[in-house]
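Enquirer: Input: one structure, supplied below.
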Amino acid sequence: MSLPRISIVTPCFNHAQYIRWTVRSVLLQRYSNLEYIFMDGGSTDGTQQVVEPYRDRFHYYVSERDDGQSDAIHRGFLQSTGEIMAYLNSDDMLAPGTLHYVAEFFRTHPEIDVLYSHRCAVDAGNKAIWYWILPEHNNYLMMRWDLIPQETTFWRRSIFEKVGNIDAKYR
């Protein structure tokens, strides 16, 4: 069985203290059909030096001034081709096994377009400090409160193409 391509965009600006954890959490998934896109806004804090050992593992890498996070994500998605998409901020991480789980879930649930999960926060030493366990999905709650953690959310390209890219002007 071939694995679907998963495209992940990481926007970054001056996050040298976090970015190693983020990049390693993605690359250590050992997901063979990963398209990892790194969009740095021209960091001046040593981010590029931290990321340098991993540069050849990115599908696309750029470090240049941008118009903010939304612009970086928007431009990153323009470089993507994956059937499954996500973005992971430069101070977020994926739990071990996430990408294989996501691929299998979408394979066995063709009627589902978006997948999200619980959230775990860690301290500077990467030690879990709290968990946000979400209630079962409920459309009523979703229309009223922001209960979907961005860093745990994956979606099918088909809905991305239907609704369009992130608005690059959004702040």
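Labels for the structure tokens follow display order: chains A, B, ..., residues from 1 in each chain, ligands from 1.
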For Val23 in chain A, please output as an MDAnalysis selection string all residues within 8 Å (counting only C-alpha atoms; exclusion window: fewer than 3 positions along the same chain).

Expert: chainID A and resid 19:20 26:27 51 54 93

Enquirer: Can you pull out every residue within 12 Å of Pro135 in chain A, counting only C-alpha atoms, but drop anything in the same chain fewer than 6 positions away, and send it as a list in words?

Expert: Tyr116, Ser117, His118, Arg119, Leu141, Met142, Trp145, Leu147 and Ile148 of chain A

Enquirer: Write to file, as a PDB file, in the first residue's frame, the residues of the selection just made, with C-alpha atoms.

Expert:
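Wrote it out as again-v9.pdb, contents follow:
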```
ATOM      1  CA  TYR A 116      -7.999  17.137  14.637  1.00  0.00           C
ATOM      2  CA  SER A 117      -6.964  15.884  18.032  1.00  0.00           C
ATOM      3  CA  HIS A 118      -6.251  16.762  21.637  1.00  0.00           C
ATOM      4  CA  ARG A 119      -3.479  19.192  22.574  1.00  0.00           C
ATOM      5  CA  LEU A 141     -20.000  23.770  19.942  1.00  0.00           C
ATOM      6  CA  MET A 142     -17.766  24.267  16.897  1.00  0.00           C
ATOM      7  CA  TRP A 145     -16.099  28.254  20.313  1.00  0.00           C
ATOM      8  CA  LEU A 147     -12.106  24.122  19.978  1.00  0.00           C
ATOM      9  CA  ILE A 148      -9.870  22.989  17.119  1.00  0.00           C
TER      10      ILE A 148
END
```

Enquirer: Between A:Arg24, A:Asp113, A:Lys127, A:Ile166, which is the closest to Pro53 in chain A once you count only C-alpha atoms?

Expert: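 Nearest to Pro53 in chain A: A:Arg24.
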
Enquirer: When distances are computed from only C-alpha atoms, which of A:Glu161, A:Asp45, A:Asp66, A:Asp123 shows the smallest separation from Met85 in chain A?

Expert: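 Between A:Glu161, A:Asp45, A:Asp66, A:Asp123, the residue approaching Met85 in chain A most closely is A:Glu161.
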
Enquirer: I'd like to know which of A:Tyr61, A:Gln69, A:Leu34, A:Trp130 is closest to Asn14 in chain A, using only C-alpha atoms.

Expert: A:Gln69

Enquirer: Name all residues at most 7 Å from Ser90 in chain A (count only C-alpha atoms; drop same-chain ones fewer than 4 positions away) and give them as a PDB file with N, CA and C atoms, in the first residue's frame.

Expert:
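Contents of part.pdb, as written:
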```pdb
ATOM      1  N   THR A  10       5.747  24.871   7.675  1.00  0.00           N
ATOM      2  CA  THR A  10       6.119  25.501   8.932  1.00  0.00           C
ATOM      3  C   THR A  10       6.557  26.928   8.649  1.00  0.00           C
ATOM      4  N   PRO A  11       5.745  27.919   9.093  1.00  0.00           N
ATOM      5  CA  PRO A  11       6.174  29.311   9.009  1.00  0.00           C
ATOM      6  C   PRO A  11       7.050  29.608  10.223  1.00  0.00           C
ATOM      7  N   CYS A  12       8.064  30.424  10.033  1.00  0.00           N
ATOM      8  CA  CYS A  12       8.985  30.683  11.141  1.00  0.00           C
ATOM      9  C   CYS A  12       9.542  32.099  11.040  1.00  0.00           C
ATOM     10  N   HIS A  15      12.631  32.073  15.765  1.00  0.00           N
ATOM     11  CA  HIS A  15      12.262  31.052  16.760  1.00  0.00           C
ATOM     12  C   HIS A  15      13.381  30.029  16.954  1.00  0.00           C
ATOM     13  N   TYR A  18      13.054  27.351  19.619  1.00  0.00           N
ATOM     14  CA  TYR A  18      12.030  26.306  19.508  1.00  0.00           C
ATOM     15  C   TYR A  18      12.161  25.427  18.271  1.00  0.00           C
ATOM     16  N   ILE A  19      12.715  25.969  17.213  1.00  0.00           N
ATOM     17  CA  ILE A  19      12.576  25.354  15.895  1.00  0.00           C
ATOM     18  C   ILE A  19      13.180  23.955  15.796  1.00  0.00           C
ATOM     19  N   THR A  22      10.548  21.506  16.781  1.00  0.00           N
ATOM     20  CA  THR A  22       9.500  21.432  15.757  1.00  0.00           C
ATOM     21  C   THR A  22       9.941  20.582  14.573  1.00  0.00           C
TER      22      THR A  22
END
```

Enquirer: With only C-alpha atoms as the counted atoms, please give the residues lying no more than 9 Å from Phe77 in chain A, apart from itself and same-chain residues fewer than 5 positions off, as a PyMOL selection string.

Expert: chain A and resi 7-9+37+72+85+87+165-166

Enquirer: Can you pull out the residues contacting Ala95 in chain A? Cut-off 10 Å, using only C-alpha atoms, and skip same-chain residues under 2 positions away; I want them as a list in words.

Expert: Ser25, Val26, Leu28, Gln29, Asp92, Met93, Gly97, Thr98, Leu99, Arg119, Cys120 and Thr152 of chain A

Enquirer: Quick one: of A:Trp155, A:Tyr140, A:Phe13, A:Trp21, who's nearest to Val114 in chain A, counting only C-alpha atoms?

Expert: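 Among the listed residues, the smallest separation from Val114 in chain A belongs to A:Trp155.
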
Enquirer: Write out as a list in words the residues lying within 8 Å of Arg65 in chain A, counting only C-alpha atoms and excluding same-chain residues fewer than 2 positions away.

Expert: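 Selected residues are Asp40, Gly41, Gly42, Ser63 and Asp67 of chain A.
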
Enquirer: Those residues you just picked out, can you put them in a file as a short mmCIF file (atom, residue, chain, number, x, y, z; two decimals), in the first residue's frame with N, CA and C atoms?

Expert:
```cif
data_model
loop_
_atom_site.label_atom_id
_atom_site.label_comp_id
_atom_site.auth_asym_id
_atom_site.auth_seq_id
_atom_site.Cartn_x
_atom_site.Cartn_y
_atom_site.Cartn_z
N ASP A 40 10.81 30.56 6.27
CA ASP A 40 11.38 31.45 7.26
C ASP A 40 11.30 32.89 6.76
N GLY A 41 10.89 33.79 7.62
CA GLY A 41 10.70 35.19 7.25
C GLY A 41 11.95 36.04 7.32
N GLY A 42 13.13 35.41 7.21
CA GLY A 42 14.38 36.17 7.27
C GLY A 42 14.87 36.32 8.70
N SER A 63 14.28 31.42 3.11
CA SER A 63 14.47 32.36 4.20
C SER A 63 14.58 33.74 3.57
N ASP A 67 5.41 38.92 4.52
CA ASP A 67 4.44 39.85 5.11
C ASP A 67 3.73 39.24 6.31
#
```

Enquirer: Let's see if you can do this: from backbone DSSP, list all helix (DSSP H, G or I) residues in chain A, as a PyMOL selection string.

Expert: chain A and resi 16-27+47-57+69-78+98-108+139-144+150-152+157-163

Enquirer: Please determine, counting only C-alpha atoms, which residue among A:Glu35, A:Glu111, A:Glu104, A:Asp71 has the shortest atom-to-atom distance to Ser2 in chain A.

Expert: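 Of A:Glu35, A:Glu111, A:Glu104, A:Asp71, the one nearest Ser2 in chain A, counting only C-alpha atoms, is A:Glu104.
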
Enquirer: Write out as a ChimeraX atom specification all residues of chain A that backbone DSSP assigns to strand (DSSP E or B).

Expert: /A:6-12,34-40,60-63,84-87,114-115,119-122,128-132,154-156

Enquirer: May I have the residues from that selection written out with C-alpha atoms, as a tab-separated table (two decimals), in the first residue's frame?

Expert:
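Result file follows (part02.tsv):
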```
chain	number	residue	atom	x	y	z
A	6	ILE	CA	1.33	14.72	3.37
A	7	SER	CA	2.33	18.37	2.95
A	8	ILE	CA	3.25	20.31	6.08
A	9	VAL	CA	4.18	23.99	6.04
A	10	THR	CA	6.12	25.50	8.93
A	11	PRO	CA	6.17	29.31	9.01
A	12	CYS	CA	8.98	30.68	11.14
A	34	LEU	CA	6.34	13.67	3.52
A	35	GLU	CA	6.55	17.00	1.74
A	36	TYR	CA	7.92	19.34	4.42
A	37	ILE	CA	7.98	23.02	3.50
A	38	PHE	CA	9.91	25.53	5.62
A	39	MET	CA	9.06	29.22	5.24
A	40	ASP	CA	11.38	31.45	7.26
A	60	TYR	CA	11.09	23.46	-0.13
A	61	TYR	CA	13.05	25.93	2.02
A	62	VAL	CA	13.15	29.71	1.87
A	63	SER	CA	14.47	32.36	4.20
A	84	ILE	CA	-3.27	15.67	2.99
A	85	MET	CA	-2.28	19.12	4.27
A	86	ALA	CA	-1.39	20.87	7.52
A	87	TYR	CA	0.69	23.67	8.93
A	114	VAL	CA	-10.74	17.22	8.42
A	115	LEU	CA	-9.08	15.54	11.37
A	119	ARG	CA	-3.48	19.19	22.57
A	120	CYS	CA	-0.45	18.76	24.80
A	121	ALA	CA	1.65	21.70	26.00
A	122	VAL	CA	5.30	21.29	26.93
A	128	ALA	CA	4.50	17.80	29.16
A	129	ILE	CA	2.94	20.37	31.49
A	130	TRP	CA	-0.76	20.10	30.59
A	131	TYR	CA	-3.20	18.38	28.26
A	132	TRP	CA	-6.29	19.80	26.60
A	154	PHE	CA	-5.01	17.91	9.02
A	155	TRP	CA	-7.29	18.18	5.98
A	156	ARG	CA	-7.72	16.80	2.50
```

Enquirer: Please measure the separation of CA of Ile73 in chain A and CA of Leu88 in chain A, giving the value in Å to one decimal.

Expert: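 We find that CA of Ile73 in chain A and CA of Leu88 in chain A lie 9.5 Å from each other.
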
Enquirer: Quick one: pull the distance between CA of His100 in chain A and CA of Ala124 in chain A, Å, one decimal.

Expert: 26.6 Å

Enquirer: By how many Å are CA of Arg107 in chain A and CA of Glu83 in chain A apart?

Expert: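 Interatomic distance here is 11.0 Å.
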
Enquirer: Using only C-alpha atoms, can you tell me which of A:Phe160, A:Tyr101, A:Tyr31, A:Phe58 comes closest to Leu78 in chain A?

Expert: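 Under the stated criterion, the closest residue is A:Phe160.
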